[in-house]
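See below for the structure under consideration.
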Amino acid sequence: MIWRELTTGIYPWDIHDEGIEKILDNLQEYAGNNAAYMLALMHHEKRPLHANYYPHNPVRKRYLAEDSRVYFTIHPEMYKNSRIKPLPTEREFLKDTDWLAVFIKALRKRGMKTGAEISHTPLDSERGRKEFGDCIQRDVYGNPPPYDRFTYQQLCWNSPDAREYVYSLARDLAAHYDLDMIQTCSFLYNPGRLDLHPFLGVSLGGCFCDNCKREAEAQGIDFEAMRSAIKKWADLLTGHELENIEDRLMLRQGNSTSAMFLLEDPLLYQWLRFRCGTVTRYLKGLSEAIHSVNKKIDFRFNTCWQEQELIGQNLREIAPYVDSIRMMDYSEQTGSDEIVSRKGLWLANVRRQAGEGKTIIGGIAPRAKASPELIRKGIRIVALGGADGLSYGFYDGAKFENLKAIREAMEECEIILSGSKEEKT
Ligand SMILES: [Zn+2]
């Protein structure tokens with residue numbers, strides 16, 4: 001089996017702390033990477049994620065990333081049509097260096113493929129709360145919907161300003177950097193309170209902002225009718241203070257399947273379809289923005305959440321507009337054999353929706369509670385499921401024995417990387 005790539009994400013502070021040559025030595029020697037990508041715009045997050053401390057960072061035990069900053073040289077002329085401008089890092093040890101340029105130069109010297117990612121939240125919460133509050137998602141009551149830490153950072157993709165901002169970022173990257181791939185994992189629509197009800201909880205998600213109203217009405221949708229239908233479900237979920245989830249489900253909705261609710265309420269279906277249409281249009285526009293600058297760049301959509309219909313994602317509609325799909329399946333980090341065993345289900349969903357011809361880059365996680373055994377198992381499932389490559393999350397939190405397990409597992413599965421000397425012989 002030939003895979004087109006083995007890649008992983010690298011953070012600018014990893015490059016500062018470990019040195020790019022050391023990092024690439026480790027990627028090539030232990031795991032056998034032929035590609036890597038850098039987080040060109042990173043959201044607010046503690047690194048390493050899911051573990052207390054870095055396993056091999058020689059400078060620090062952990063790092064708290066700033067909120068939605070960029071780590072490349074901003075070219076202001078690329079944002080002249082964008083109301084939202086990107087913010088550069090303000091950390092002393094990171095500012096004044098073009099980390100993406102450093103990264104790409106080192107990879108090219110070794111003949112490796114390069115990529116850049118625009119991560120979950122392109123906009124910081126401070127500006128999302130204030131000057132760009134009109135670009136942020138609203139729930140059916142007009143409030144920004146919660147989603148652990150991402151409140152006030154969830155852009156609504158019906159906002160022309162939100163779309164143009166990400167398109168400008170992508171064009172800036174495509175125009176000024178020697179990139180093979182640009183990946184995004186934009187936070188899509190807020191899924192609401194699935195803890196209150198596994199399906200109807202979506203009624204407490206986004207979005208009912210003014211941009212949504214304008215767009216829905218332009219499409220001939222009766223937005224107010226749709227809003228009051230969704231509000232009815234939302235009120236049912238929030239109107240009573242019942243401690244016990246079983247009581248809540250029984251008193252409010254019974255145990256119907258989601259299909260029954262959709263048959264019962266065509267406006268609920270219309271709203272879910274409306275959100276999916278918006279997301280597809282956003283990603284189509286992002287693809288066009290990148291390819292208007294450089295046709296050869298692989299535009300990769302990172303699918304992050306399995307409950308895709310509840311975040312406005314329909315891969316069957318999106319697939320024609322993206323060059324490849326990465327799966328953020330990090331089951332191995334749970335340490336659970338049972339969870340890893342189920343990896344093939346998600347992959348089967350993506351393959352069915354994306355079609356046989358679409359490039360799918362599978363995911364594994366060599367970090368946190370992952371072990372060499374679970375990594376071998378995960379890679380076997382990804383290979384059997386017909387993936388075209390592998391992207392692991394992430395180097396910063398991976399023990400070296402886990403990186404070695406990636407290479408061993410690929411050898412066991414007789415996977416050859418395209419462009420490697422094994423392929424040529
Ligand atoms: Zn909206």
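In the structure tokens, each chain is lettered A, B, ... as it comes, each chain's residues begin at 1, and ligands are numbered from 1 in order of appearance.
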
What lies within 6 Å of stretch 261-275 of chain A using only C-alpha atoms, ignoring chain neighbours under 3 positions off, as a list in words?
-> Met226, Ser258, Thr278 and Gly312 of chain A

Can you write out the residues you just picked, keeping C-alpha atoms, as an mmCIF file, in the first residue's frame?
```cif
data_model
loop_
_atom_site.group_PDB
_atom_site.id
_atom_site.type_symbol
_atom_site.label_atom_id
_atom_site.label_comp_id
_atom_site.auth_asym_id
_atom_site.auth_seq_id
_atom_site.Cartn_x
_atom_site.Cartn_y
_atom_site.Cartn_z
ATOM 1 C CA MET A 226 -37.606 28.717 11.774
ATOM 2 C CA SER A 258 -33.535 11.959 15.636
ATOM 3 C CA THR A 278 -23.529 27.855 5.016
ATOM 4 C CA GLY A 312 -23.390 22.067 10.323
#
```

Within 12 Å of A:Lys105 using only C-alpha atoms, minus same-chain residues under 4 positions, as number ranges by chain = A: 20-21, 24, 98-101, 109-115, 177-179

Keeping only N, CA and C atoms, write the selected residues to a file as a compact mmCIF listing (two decimals), in the first residue's frame.
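The resulting file, result-v3.txt, is shown below:
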```txt
# COMPACT_ATOMS: atom_id res chain seq x y z
N ILE A 20 14.63 23.53 14.94
CA ILE A 20 13.95 22.85 13.83
C ILE A 20 14.75 21.64 13.33
N GLU A 21 16.07 21.71 13.33
CA GLU A 21 16.84 20.57 12.81
C GLU A 21 16.68 19.34 13.70
N LEU A 24 13.19 17.86 13.12
CA LEU A 24 13.08 17.12 11.85
C LEU A 24 13.91 15.84 11.89
N ASP A 98 9.92 35.14 11.65
CA ASP A 98 8.92 34.51 10.78
C ASP A 98 9.10 33.00 10.92
N TRP A 99 8.36 32.41 11.86
CA TRP A 99 8.55 30.99 12.18
C TRP A 99 8.18 30.09 11.02
N LEU A 100 7.20 30.53 10.22
CA LEU A 100 6.80 29.70 9.08
C LEU A 100 7.92 29.65 8.04
N ALA A 101 8.61 30.78 7.86
CA ALA A 101 9.73 30.81 6.90
C ALA A 101 10.87 29.90 7.37
N LYS A 109 15.01 21.80 2.56
CA LYS A 109 16.40 21.34 2.49
C LYS A 109 16.46 19.81 2.55
N ARG A 110 15.48 19.22 3.24
CA ARG A 110 15.45 17.77 3.39
C ARG A 110 14.50 17.11 2.39
N GLY A 111 13.91 17.88 1.50
CA GLY A 111 12.98 17.30 0.53
C GLY A 111 11.64 16.91 1.12
N MET A 112 11.27 17.54 2.24
CA MET A 112 9.99 17.19 2.88
C MET A 112 8.87 18.11 2.39
N LYS A 113 7.64 17.59 2.44
CA LYS A 113 6.47 18.38 2.04
C LYS A 113 6.06 19.31 3.20
N THR A 114 5.58 20.51 2.80
CA THR A 114 5.31 21.55 3.80
C THR A 114 3.81 21.87 3.89
N GLY A 115 3.39 22.24 5.06
CA GLY A 115 2.00 22.65 5.24
C GLY A 115 1.86 23.73 6.30
N TYR A 177 4.33 31.93 0.87
CA TYR A 177 5.08 30.78 1.43
C TYR A 177 5.03 29.60 0.47
N ASP A 178 6.13 28.84 0.46
CA ASP A 178 6.27 27.68 -0.42
C ASP A 178 5.57 26.49 0.24
N LEU A 179 4.25 26.46 0.08
CA LEU A 179 3.45 25.46 0.79
C LEU A 179 2.85 24.42 -0.16
```

Give me every strand (DSSP E or B) residue in stretch 124-236 of chain A, going by DSSP on the backbone, as a ChimeraX atom specification.
-> /A:136,147,149,155,181-184

Separation of atom CA of A:Asn57 from atom CA of A:Tyr330 in Å =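 Computed distance, atom CA of A:Tyr330 to atom CA of A:Asn57, equals 21.4 Å.
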
Closest atom pairs, chain A residues within 9 Å of ligand 1, only C-alpha atoms and all ligand atoms, as JSON lines:
```
{"residue": "A:Asp134", "atom": "CA", "partner": "ligand 1", "partner_atom_place_in_ligand_line": "1 (Zn)", "distance": 8.8}
{"residue": "A:Cys135", "atom": "CA", "partner": "ligand 1", "partner_atom_place_in_ligand_line": "1 (Zn)", "distance": 7.5}
{"residue": "A:Ile136", "atom": "CA", "partner": "ligand 1", "partner_atom_place_in_ligand_line": "1 (Zn)", "distance": 7.1}
{"residue": "A:Gln137", "atom": "CA", "partner": "ligand 1", "partner_atom_place_in_ligand_line": "1 (Zn)", "distance": 5.0}
{"residue": "A:Arg138", "atom": "CA", "partner": "ligand 1", "partner_atom_place_in_ligand_line": "1 (Zn)", "distance": 6.4}
{"residue": "A:Asp139", "atom": "CA", "partner": "ligand 1", "partner_atom_place_in_ligand_line": "1 (Zn)", "distance": 8.6}
{"residue": "A:Leu155", "atom": "CA", "partner": "ligand 1", "partner_atom_place_in_ligand_line": "1 (Zn)", "distance": 8.0}
{"residue": "A:Cys156", "atom": "CA", "partner": "ligand 1", "partner_atom_place_in_ligand_line": "1 (Zn)", "distance": 4.6}
{"residue": "A:Trp157", "atom": "CA", "partner": "ligand 1", "partner_atom_place_in_ligand_line": "1 (Zn)", "distance": 6.7}
{"residue": "A:Asn158", "atom": "CA", "partner": "ligand 1", "partner_atom_place_in_ligand_line": "1 (Zn)", "distance": 5.5}
{"residue": "A:Ser159", "atom": "CA", "partner": "ligand 1", "partner_atom_place_in_ligand_line": "1 (Zn)", "distance": 6.7}
{"residue": "A:Tyr189", "atom": "CA", "partner": "ligand 1", "partner_atom_place_in_ligand_line": "1 (Zn)", "distance": 8.8}
{"residue": "A:Gly206", "atom": "CA", "partner": "ligand 1", "partner_atom_place_in_ligand_line": "1 (Zn)", "distance": 6.7}
{"residue": "A:Cys207", "atom": "CA", "partner": "ligand 1", "partner_atom_place_in_ligand_line": "1 (Zn)", "distance": 4.4}
{"residue": "A:Phe208", "atom": "CA", "partner": "ligand 1", "partner_atom_place_in_ligand_line": "1 (Zn)", "distance": 5.0}
{"residue": "A:Cys209", "atom": "CA", "partner": "ligand 1", "partner_atom_place_in_ligand_line": "1 (Zn)", "distance": 4.0}
{"residue": "A:Asp210", "atom": "CA", "partner": "ligand 1", "partner_atom_place_in_ligand_line": "1 (Zn)", "distance": 6.4}
{"residue": "A:Asn211", "atom": "CA", "partner": "ligand 1", "partner_atom_place_in_ligand_line": "1 (Zn)", "distance": 5.2}
{"residue": "A:Cys212", "atom": "CA", "partner": "ligand 1", "partner_atom_place_in_ligand_line": "1 (Zn)", "distance": 4.2}
{"residue": "A:Lys213", "atom": "CA", "partner": "ligand 1", "partner_atom_place_in_ligand_line": "1 (Zn)", "distance": 7.4}
{"residue": "A:Glu215", "atom": "CA", "partner": "ligand 1", "partner_atom_place_in_ligand_line": "1 (Zn)", "distance": 8.8}
{"residue": "A:Arg275", "atom": "CA", "partner": "ligand 1", "partner_atom_place_in_ligand_line": "1 (Zn)", "distance": 8.9}
```

What does the file look like for those residues with C-alpha atoms, as a compact mmCIF listing (two decimals), in the first residue's frame?
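After the write, again27.txt holds the following:
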```txt
# COMPACT_ATOMS: atom_id res chain seq x y z
CA ASP A 134 -21.59 41.07 15.12
CA CYS A 135 -19.44 38.31 13.56
CA ILE A 136 -19.92 35.92 16.50
CA GLN A 137 -22.55 33.18 16.63
CA ARG A 138 -25.72 33.70 18.69
CA ASP A 139 -28.03 31.10 20.13
CA LEU A 155 -17.39 33.07 14.06
CA CYS A 156 -20.63 32.78 12.13
CA TRP A 157 -19.91 31.70 8.56
CA ASN A 158 -22.88 33.72 7.33
CA SER A 159 -20.90 36.81 8.29
CA TYR A 189 -21.57 25.74 14.21
CA GLY A 206 -25.70 28.51 16.79
CA CYS A 207 -26.74 30.41 14.96
CA PHE A 208 -29.46 33.06 14.93
CA CYS A 209 -27.39 36.20 14.36
CA ASP A 210 -28.40 39.03 12.05
CA ASN A 211 -26.15 37.67 9.30
CA CYS A 212 -28.05 34.36 9.46
CA LYS A 213 -31.37 36.18 9.25
CA GLU A 215 -28.82 35.11 4.46
CA ARG A 275 -26.38 25.53 8.61
```

Please provide the set of residues having any atom within 12 Å of A:Arg326, restricted to only C-alpha atoms, with same-chain residues fewer than 5 positions apart removed, written as a PyMOL selection string.
-> chain A and resi 5-8+117+181-185+298-305+315+319+346-347+350-351+354+358-364+382+387-393

Excluding A:Val59 and any residue of its chain fewer than 2 positions from it, enumerate the residues within 9 Å of it, using only C-alpha atoms, and give them as a list of chain:residue names.
-> A:Asp17, A:Glu18, A:Asn57, A:Lys61

Atoms kept (N, CA and C atoms) for selection, written as a short mmCIF file (atom, residue, chain, number, x, y, z; two decimals), in the first residue's frame:
```cif
data_model
loop_
_atom_site.label_atom_id
_atom_site.label_comp_id
_atom_site.auth_asym_id
_atom_site.auth_seq_id
_atom_site.Cartn_x
_atom_site.Cartn_y
_atom_site.Cartn_z
N ASP A 17 12.20 26.11 21.05
CA ASP A 17 12.74 25.38 22.19
C ASP A 17 13.67 24.22 21.79
N GLU A 18 13.25 23.45 20.80
CA GLU A 18 14.02 22.25 20.45
C GLU A 18 14.95 22.48 19.26
N ASN A 57 10.64 18.45 25.67
CA ASN A 57 11.00 19.85 25.46
C ASN A 57 12.09 20.23 26.47
N LYS A 61 8.27 23.12 30.81
CA LYS A 61 7.42 21.96 31.13
C LYS A 61 6.11 22.01 30.35
#
```

Determine which residues of stretch 175-403 of chain A DSSP labels as alpha helix (DSSP H) from the backbone of this structure, then write them out as a count of residues only.
-> 108

Residue neighbourhood A:His176, 10 Å, only C-alpha atoms, exclusion window fewer than 6 positions, as a PyMOL selection string = chain A and resi 72-75+101+293

Put those residues in a file: N, CA and C atoms, as a PDB file, in the first residue's frame.
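Contents of out.pdb, freshly written:
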```pdb
ATOM      1  N   PHE A  72       3.571  34.092  11.439  1.00  0.00           N
ATOM      2  CA  PHE A  72       4.273  34.351  10.181  1.00  0.00           C
ATOM      3  C   PHE A  72       4.214  35.861   9.942  1.00  0.00           C
ATOM      4  N   THR A  73       4.901  36.333   8.907  1.00  0.00           N
ATOM      5  CA  THR A  73       4.908  37.764   8.614  1.00  0.00           C
ATOM      6  C   THR A  73       3.590  38.169   7.966  1.00  0.00           C
ATOM      7  N   ILE A  74       2.862  39.058   8.630  1.00  0.00           N
ATOM      8  CA  ILE A  74       1.590  39.535   8.075  1.00  0.00           C
ATOM      9  C   ILE A  74       1.883  40.532   6.956  1.00  0.00           C
ATOM     10  N   HIS A  75       1.287  40.315   5.795  1.00  0.00           N
ATOM     11  CA  HIS A  75       1.430  41.267   4.684  1.00  0.00           C
ATOM     12  C   HIS A  75       0.153  42.102   4.633  1.00  0.00           C
ATOM     13  N   ALA A 101       8.612  30.779   7.855  1.00  0.00           N
ATOM     14  CA  ALA A 101       9.730  30.813   6.897  1.00  0.00           C
ATOM     15  C   ALA A 101      10.866  29.905   7.372  1.00  0.00           C
ATOM     16  N   VAL A 293      -4.682  31.916  -5.806  1.00  0.00           N
ATOM     17  CA  VAL A 293      -3.282  32.325  -5.666  1.00  0.00           C
ATOM     18  C   VAL A 293      -2.343  31.229  -6.159  1.00  0.00           C
TER      19      VAL A 293
END
```

A:Leu417 surroundings by only C-alpha atoms, 9 Å radius, close-in-sequence under 5 positions cut, as number ranges by chain = A: 1-6, 33-34, 389, 422-423
